[in-house]
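Worksheet for the structure shown next.
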Amino acid sequence: MNIILHLGEPFWRCAGTRQVTVWLPEGATAAEALAALVQLHPALRTELDDAEGPPALFAGDNQVWPETPLQDGAHLYILWAMSGG
Amino acid sequence: MRLNTALIDLTTGHIDIAPTPQRLMRALLGGRGMNMHYLRYHLRAAGDPRAVDPLGPDNPLIFGAGLLTGTIAPNAARFNVSAKSPESLGLGDANCGGFFAAAMRKAGFDRLIVLGRAERPVYLLLQEGAVSLCAAEGLWGTTAPAAQALLKAAHGPATVSAVIGPAGEHQVRMASVMTGLKNTAGRGGMGAVMGSKNLKAIAACGGKPLVTADPAALSAARKEQTRYLQQSKVVRVLGKLGTPFLYEVSNHLGAIRTRNSQDNHFADTLVAAEIEQYSDKMLACTSCVVHCRHRNTLGGEGPEYSTVGLLGANLGLAPAQQVIALNNLVNDLGLDASSVGTILAWAMELYQRGIIDDSLTGGPLEWGDYERIHALIGDIAFRRGFGAVLAESTQAKRLFPPEAADYLIAVKDLPQSDPHDVRYIKSFALGIAVASRGADHLRNRPTLDILNLPDEVRQEIFGVETSADPTAYEGKAGMVAWHDDIYAVADCLGVCKFVTHGFNSPNLLGYGHFAELIQAATGMALTADELRGVGRRVVDLERQINLELGRTRADDTLPKRYFDDPMPARVTRGHAIDRAKFQIMLDEYYAARGWTPDGRLPAKRLAELDELLEA
């Protein structure tokens, strides 16, 4: 199945693109999608593993967790959970 | 490092200068804390604090630099301006960065307490330990940048000033005090208080570097703490993108105040990458290691995330260029962008619902109408036409039909400062409900609540059991109280929140770092626990000021919409604040603070604060 990953600030700057499509086996989880992303764009590893909080993940309008299985064609948004001002 | 406090009576022209009391320094450090002490003292000296007219001569106006401000401590640039607020009619306090406060201290002053009212426009000149009262006729009527340029021309290029623009001169209740092109003491209408005193500006002509207790130790602490801070992702991202990077995640979540919080998401045209198109440099304040401020290509500085949200999404305005132009306009005129964006959106919804009409507004008031918004901001600053009504800020509710108050996004009559719709994250809701100056995120925003930190990490930070679920009501009170205290300490020291532990990261400067800096700069030894004790004291002092101004538990609440209207879309859809659960959260918060169930200070604590007044 294919998963369309949308990269928010500041992650997309490491990949040089806002959107990446990855191909994964049926039933793959969000964590597996992230691992595939890092394989394509290794510079993202340190950004995504940063100790200041893992990225927030959303499949469409639903928040999902690394262990959440994804559906074929899912749009997975990878955003940095920040809210200062 | 022993500097002075000046008491300036503009009515008589009398100026008293005395060393800042050491006893108060130990109890309240400086900045916000010590300002609060003097605010309480002078409001009580005027008689009944509730009867003091915020725009009258009895209202004290206090400029106080942080204890570390002007030293080489990381991000120690800030000062607070405090008075009874003409906007909220309660405690007024605004915090600001830039270069003014360092210059004020290098000119010899920790704090200026301004009383009375000058007969004609004046400004204060601070130079080599002296304060002079100067005629300001040539400055009156100028914008904030123009006034600063004139003062530089008069007193030399090293002169740094804090000024009001036309909005302050016209006593607009959301007028700010400005320094530089964008640095703003914005909250609560401190610029209007300045205008009411006929005080256009305070100009500081620098001087020698501050003498610190142990320069070598301070230098070593700065080096080590800078290295530590630069490992933080949030510090690095702020230095590249500024605060607008926060828009994207809030918008995706469905937590951006949009069209007066009728909606909760807006256009993607306001994300950081769009704002970046109009930025040619990142700027910093005194001793800053972050560099978060954009210099924009439209002739100003900024915008911040708050301005992007409140002059953009909240007004239905999508083009980044237009939002940046409005940002520059409010800064030139000396207006608080947060209040302006909230009050304009309130008026637009009232118009949309037919609660007010053309007979009052003088014409259509439509979402996203840039030309109309631009013109209205000017009218507010000069109190022209419908602008004169909006210049009353939240107090305009007395001029509108009674149901208008139901649509006002404010707490304690202070418009909400930031663009985050707090119906989803309950700790954020509690935070703005109990913040001492009204709806404001910089008093206690528990940003760590959304980082999904492990239980043991949260336990170690907060020292109490907290919930990892941002939508839960339980386990939030202690978290908010913890943030209250550390942010208060940062404000007393003059340190920016962007390097303060708990503001978007658990890897910034905490009490231990602050204690090290204080000892090196002043020689004063304080433990981490004693420092948190200062934070508690400041929050209690502010509570007492608000109580003496007539506030009660009933004022610790939220806008009606946050209780009654579920969020309409995206991840946050369906969330609102449950009234009964909110009251339980409030009970827990009062208990965490050691207050009585009706939100008062215990007698013993009050006696301790009263004893400070004798100092």
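By convention in this document, the chains of the structure tokens carry letters A, B, ... by their order, each chain's residues are numbered from 1, and ligands are numbered from 1 in the order they are shown.
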
Open item on the list: Residues within 6 Å of region 432-444 of chain B, please, as a PyMOL selection string. Count only C-alpha atoms; anything in the same chain fewer than 6 positions from it doesn't count.
Closed with: chain B and resi 91-92+410-412+414+416-417+480+483-484+556-558

Write out, as a CSV table (one decimal), in the first residue's frame, the residues just selected, with all heavy atoms.
```
chain,number,residue,atom,x,y,z
B,91,LEU,N,-5.3,44.3,37.5
B,91,LEU,CA,-3.9,44.4,37.5
B,91,LEU,C,-3.4,44.5,36.1
B,91,LEU,O,-3.8,43.8,35.2
B,91,LEU,CB,-3.3,43.1,38.2
B,91,LEU,CG,-1.8,43.0,38.3
B,91,LEU,CD1,-1.5,42.1,39.5
B,91,LEU,CD2,-1.2,42.3,37.0
B,92,GLY,N,-2.5,45.5,35.8
B,92,GLY,CA,-1.9,45.7,34.5
B,92,GLY,C,-0.4,45.5,34.5
B,92,GLY,O,0.2,46.1,35.4
B,410,ALA,N,-12.3,37.2,26.0
B,410,ALA,CA,-11.4,37.9,27.0
B,410,ALA,C,-11.7,37.2,28.3
B,410,ALA,O,-12.7,36.5,28.5
B,410,ALA,CB,-11.8,39.3,27.1
B,411,VAL,N,-10.7,37.4,29.2
B,411,VAL,CA,-10.9,36.9,30.6
B,411,VAL,C,-10.4,38.1,31.5
B,411,VAL,O,-9.4,38.8,31.2
B,411,VAL,CB,-10.0,35.7,30.9
B,411,VAL,CG1,-10.1,35.4,32.4
B,411,VAL,CG2,-10.3,34.5,30.1
B,412,LYS,N,-11.2,38.4,32.5
B,412,LYS,CA,-11.0,39.6,33.4
B,412,LYS,C,-10.9,40.8,32.5
B,412,LYS,O,-10.0,41.7,32.8
B,412,LYS,CB,-9.7,39.4,34.2
B,412,LYS,CG,-9.7,38.2,35.1
B,412,LYS,CD,-8.4,38.1,36.0
B,412,LYS,CE,-8.4,36.9,36.9
B,412,LYS,NZ,-8.1,35.7,36.2
B,414,LEU,N,-9.5,41.3,29.7
B,414,LEU,CA,-8.3,41.4,28.9
B,414,LEU,C,-8.4,40.5,27.7
B,414,LEU,O,-8.6,39.3,27.9
B,414,LEU,CB,-7.0,41.0,29.7
B,414,LEU,CG,-5.7,41.3,28.9
B,414,LEU,CD1,-5.4,42.8,28.9
B,414,LEU,CD2,-4.5,40.6,29.4
B,416,GLN,N,-7.8,37.9,24.8
B,416,GLN,CA,-6.9,36.8,24.9
B,416,GLN,C,-5.6,37.1,24.0
B,416,GLN,O,-5.8,37.6,22.9
B,416,GLN,CB,-7.5,35.4,24.4
B,416,GLN,CG,-6.6,34.3,24.6
B,416,GLN,CD,-7.1,32.9,24.1
B,416,GLN,OE1,-8.3,32.8,24.0
B,416,GLN,NE2,-6.2,32.0,23.7
B,417,SER,N,-4.5,36.8,24.6
B,417,SER,CA,-3.2,37.3,24.0
B,417,SER,C,-2.8,36.5,22.8
B,417,SER,O,-2.2,37.0,21.8
B,417,SER,CB,-2.1,37.2,25.0
B,417,SER,OG,-2.0,35.8,25.5
B,480,VAL,N,-0.1,23.8,35.9
B,480,VAL,CA,-0.3,25.3,35.7
B,480,VAL,C,0.4,26.1,36.8
B,480,VAL,O,1.1,27.1,36.5
B,480,VAL,CB,-1.8,25.6,35.6
B,480,VAL,CG1,-2.0,27.2,35.6
B,480,VAL,CG2,-2.4,25.0,34.4
B,483,HIS,N,4.1,26.2,36.2
B,483,HIS,CA,4.5,27.2,35.2
B,483,HIS,C,4.3,28.6,35.7
B,483,HIS,O,5.1,29.5,35.3
B,483,HIS,CB,3.7,27.0,33.9
B,483,HIS,CG,4.2,25.8,33.1
B,483,HIS,ND1,3.8,24.5,33.3
B,483,HIS,CD2,5.0,25.7,32.1
B,483,HIS,CE1,4.4,23.7,32.5
B,483,HIS,NE2,5.1,24.4,31.7
B,484,ASP,N,3.3,28.9,36.4
B,484,ASP,CA,3.1,30.2,37.1
B,484,ASP,C,4.4,30.7,37.7
B,484,ASP,O,4.8,31.8,37.5
B,484,ASP,CB,2.1,30.1,38.3
B,484,ASP,CG,0.7,30.3,38.0
B,484,ASP,OD1,0.3,30.8,36.9
B,484,ASP,OD2,-0.1,29.8,38.8
B,556,ASP,N,-12.2,34.2,37.6
B,556,ASP,CA,-11.3,33.2,37.1
B,556,ASP,C,-12.1,32.3,36.2
B,556,ASP,O,-12.5,31.1,36.6
B,556,ASP,CB,-10.6,32.4,38.2
B,556,ASP,CG,-9.7,33.2,39.0
B,556,ASP,OD1,-9.2,34.2,38.5
B,556,ASP,OD2,-9.4,32.8,40.2
B,557,THR,N,-12.5,32.7,35.0
B,557,THR,CA,-13.4,32.0,34.2
B,557,THR,C,-12.9,32.1,32.7
B,557,THR,O,-11.8,32.6,32.5
B,557,THR,CB,-14.8,32.5,34.4
B,557,THR,OG1,-15.7,31.7,33.7
B,557,THR,CG2,-15.0,34.0,34.0
B,558,LEU,N,-13.7,31.7,31.8
B,558,LEU,CA,-13.4,31.7,30.4
B,558,LEU,C,-14.5,32.4,29.6
B,558,LEU,O,-15.6,32.6,30.0
B,558,LEU,CB,-13.3,30.3,29.9
B,558,LEU,CG,-12.1,29.5,30.5
B,558,LEU,CD1,-12.3,28.0,30.2
B,558,LEU,CD2,-10.8,30.0,29.9
```

Task: Contact residues (chain A, partner chain B, 8 Å, only C-alpha atoms) as a PyMOL selection string - done: chain A and resi 8-10+50+52-54+61-63+79-85

Write out, as an mmCIF file, in the first residue's frame, the residues just selected, with N, CA, C and O atoms.
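Result written to result-v3.cif:
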```cif
data_model
loop_
_atom_site.group_PDB
_atom_site.id
_atom_site.type_symbol
_atom_site.label_atom_id
_atom_site.label_comp_id
_atom_site.auth_asym_id
_atom_site.auth_seq_id
_atom_site.Cartn_x
_atom_site.Cartn_y
_atom_site.Cartn_z
ATOM 1 N N GLY A 8 5.642 18.740 8.169
ATOM 2 C CA GLY A 8 5.456 20.116 8.647
ATOM 3 C C GLY A 8 6.779 20.751 9.035
ATOM 4 O O GLY A 8 7.854 20.179 8.832
ATOM 5 N N GLU A 9 6.686 21.951 9.636
ATOM 6 C CA GLU A 9 7.881 22.642 10.137
ATOM 7 C C GLU A 9 8.428 21.914 11.356
ATOM 8 O O GLU A 9 7.640 21.506 12.210
ATOM 9 N N PRO A 10 9.694 21.792 11.527
ATOM 10 C CA PRO A 10 10.753 22.162 10.585
ATOM 11 C C PRO A 10 11.214 20.970 9.741
ATOM 12 O O PRO A 10 12.198 21.063 9.032
ATOM 13 N N ASP A 50 14.372 13.728 18.270
ATOM 14 C CA ASP A 50 14.793 14.742 19.226
ATOM 15 C C ASP A 50 14.128 14.548 20.582
ATOM 16 O O ASP A 50 12.948 14.218 20.678
ATOM 17 N N GLU A 52 13.203 16.649 22.656
ATOM 18 C CA GLU A 52 12.251 17.673 23.063
ATOM 19 C C GLU A 52 10.831 17.335 22.632
ATOM 20 O O GLU A 52 10.009 18.202 22.396
ATOM 21 N N GLY A 53 10.533 16.073 22.550
ATOM 22 C CA GLY A 53 9.174 15.663 22.228
ATOM 23 C C GLY A 53 9.103 15.069 20.841
ATOM 24 O O GLY A 53 9.642 15.646 19.890
ATOM 25 N N PRO A 54 8.461 13.899 20.718
ATOM 26 C CA PRO A 54 8.318 13.284 19.402
ATOM 27 C C PRO A 54 7.326 14.083 18.549
ATOM 28 O O PRO A 54 6.542 14.860 19.092
ATOM 29 N N ASP A 61 -7.845 13.927 9.960
ATOM 30 C CA ASP A 61 -8.238 14.688 11.141
ATOM 31 C C ASP A 61 -8.089 13.902 12.434
ATOM 32 O O ASP A 61 -8.554 14.354 13.488
ATOM 33 N N ASN A 62 -7.500 12.728 12.375
ATOM 34 C CA ASN A 62 -7.367 11.926 13.588
ATOM 35 C C ASN A 62 -5.920 11.862 14.049
ATOM 36 O O ASN A 62 -5.029 11.595 13.234
ATOM 37 N N GLN A 63 -5.726 12.072 15.343
ATOM 38 C CA GLN A 63 -4.376 11.905 15.871
ATOM 39 C C GLN A 63 -4.098 10.416 15.951
ATOM 40 O O GLN A 63 -4.955 9.616 16.377
ATOM 41 N N LEU A 79 3.909 16.527 12.329
ATOM 42 C CA LEU A 79 4.008 17.919 12.784
ATOM 43 C C LEU A 79 4.708 17.980 14.127
ATOM 44 O O LEU A 79 4.662 17.038 14.917
ATOM 45 N N TRP A 80 5.317 19.099 14.385
ATOM 46 C CA TRP A 80 6.018 19.287 15.663
ATOM 47 C C TRP A 80 5.019 19.880 16.658
ATOM 48 O O TRP A 80 4.470 20.960 16.439
ATOM 49 N N ALA A 81 4.787 19.127 17.728
ATOM 50 C CA ALA A 81 3.760 19.547 18.707
ATOM 51 C C ALA A 81 4.289 20.683 19.556
ATOM 52 O O ALA A 81 4.886 20.468 20.598
ATOM 53 N N MET A 82 4.051 21.888 19.113
ATOM 54 C CA MET A 82 4.534 23.070 19.826
ATOM 55 C C MET A 82 3.390 24.054 19.970
ATOM 56 O O MET A 82 2.539 24.163 19.094
ATOM 57 N N SER A 83 3.398 24.782 21.044
ATOM 58 C CA SER A 83 2.365 25.799 21.186
ATOM 59 C C SER A 83 2.789 26.872 22.158
ATOM 60 O O SER A 83 2.322 26.923 23.277
ATOM 61 N N GLY A 84 3.700 27.684 21.764
ATOM 62 C CA GLY A 84 4.097 28.804 22.625
ATOM 63 C C GLY A 84 3.401 30.065 22.173
ATOM 64 O O GLY A 84 2.184 30.096 22.113
ATOM 65 N N GLY A 85 4.143 31.050 21.808
ATOM 66 C CA GLY A 85 3.491 32.257 21.295
ATOM 67 C C GLY A 85 4.429 33.436 21.343
ATOM 68 O O GLY A 85 5.541 33.323 21.762
#
```

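The space separating CA of Pro559 (chain B) from CA of Pro597 (chain B) comes to 21.9 Å.
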
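Running DSSP on the backbone and keeping only strand (DSSP E or B), the residues of region 18-58 of chain A that qualify are Gln19, Val20, Thr21, Val22, Trp23, Thr29, Ala56, Leu57 and Phe58 of chain A.
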
TODO: Please give the complete set of residues from region 359-598 of chain B that DSSP, run on the backbone, assigns to alpha helix (DSSP H), formatted as a ChimeraX atom specification.
DONE: /B:359-361,370-382,386-390,426-434,455-462,477-493,511-522,528-548,560-564,579-593

- [ ] For CA of Glu274 (chain B) and CA of Gly341 (chain B), determine how far apart the two atoms are, in Å to one decimal place.
- [x] 20.0 Å

TODO: Would you mind telling me which residue in A:Thr46, A:Thr29, A:Gln39, A:Thr17 lies nearest to Gln71 (chain A) when using only C-alpha atoms?
DONE: A:Thr29

- [ ] Name the residues in contact with Asp214 (chain B) at a cut-off of 8 Å, using only C-alpha atoms, excluding same-chain residues fewer than 4 positions from it; report them as a PyMOL selection string.
- [x] chain B and resi 218+520-523

Restricting the output to N, CA, C and O atoms, write the selected residues as a JSON list (two decimals), in the first residue's frame.
```
[["chain", "number", "residue", "atom", "x", "y", "z"],
["B", 218, "LEU", "N", 30.36, 34.88, 35.82],
["B", 218, "LEU", "CA", 29.22, 35.21, 34.95],
["B", 218, "LEU", "C", 29.54, 34.87, 33.50],
["B", 218, "LEU", "O", 28.71, 34.31, 32.78],
["B", 520, "ALA", "N", 26.55, 35.05, 40.37],
["B", 520, "ALA", "CA", 27.67, 35.66, 39.66],
["B", 520, "ALA", "C", 27.43, 37.15, 39.40],
["B", 520, "ALA", "O", 28.35, 37.97, 39.48],
["B", 521, "ALA", "N", 26.19, 37.51, 39.12],
["B", 521, "ALA", "CA", 25.91, 38.90, 38.76],
["B", 521, "ALA", "C", 25.81, 39.79, 40.00],
["B", 521, "ALA", "O", 26.26, 40.94, 39.98],
["B", 522, "THR", "N", 25.20, 39.28, 41.08],
["B", 522, "THR", "CA", 24.90, 40.15, 42.22],
["B", 522, "THR", "C", 25.60, 39.73, 43.52],
["B", 522, "THR", "O", 25.59, 40.50, 44.48],
["B", 523, "GLY", "N", 26.08, 38.51, 43.56],
["B", 523, "GLY", "CA", 26.65, 38.00, 44.81],
["B", 523, "GLY", "C", 25.60, 37.41, 45.73],
["B", 523, "GLY", "O", 25.93, 36.88, 46.80]]
```

- [ ] Determine, counting only C-alpha atoms, which protein, DNA and RNA residues have an atom within 8 Å of an atom of His41 (chain A); residues of the same chain fewer than 4 positions away are not included. Present the result as an NGL selection string.
- [x] :A and (14-15 or 37 or 45)

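In terms of minimum interatomic distance to Pro25 (chain A), A:Leu70 ranks closest within A:Ile4, A:Val64, A:Leu70, A:Ala59, counting only C-alpha atoms.
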
TODO: Please indicate the distance in Å from CA of Lys560 (chain B) to CA of Leu365 (chain B), rounded to one decimal place.
DONE: 22.9 Å

Task: Nearest to Glu366 (chain B), chosen from B:Leu315, B:Asp332, B:Asn327, B:Leu39, with only C-alpha atoms counted in the distances - done: B:Leu315

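Remark: for Asn264 (chain B), the closest of the candidate residues B:Gly309, B:Gly189, B:Gly239, B:Gly70 is B:Gly309 (distances computed over only C-alpha atoms).
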
Open item on the list: If we count only C-alpha atoms and set the cut-off at 8 Å, which residues sit around Ala515 (chain B), ignoring sequence neighbours fewer than 3 positions away in its own chain? Please answer as a ChimeraX atom specification.
Closed with: /B:511-512,518-519,525-528,531

Task: Close residues, region 378-395 of chain B itself excluded, 8 Å, only C-alpha atoms, min 3 positions apart in chain, as a PyMOL selection string - done: chain B and resi 87-88+166-168+170+172-175+333-335+339-340+343-344+360-362+374-375+398-399+408+410+413-415
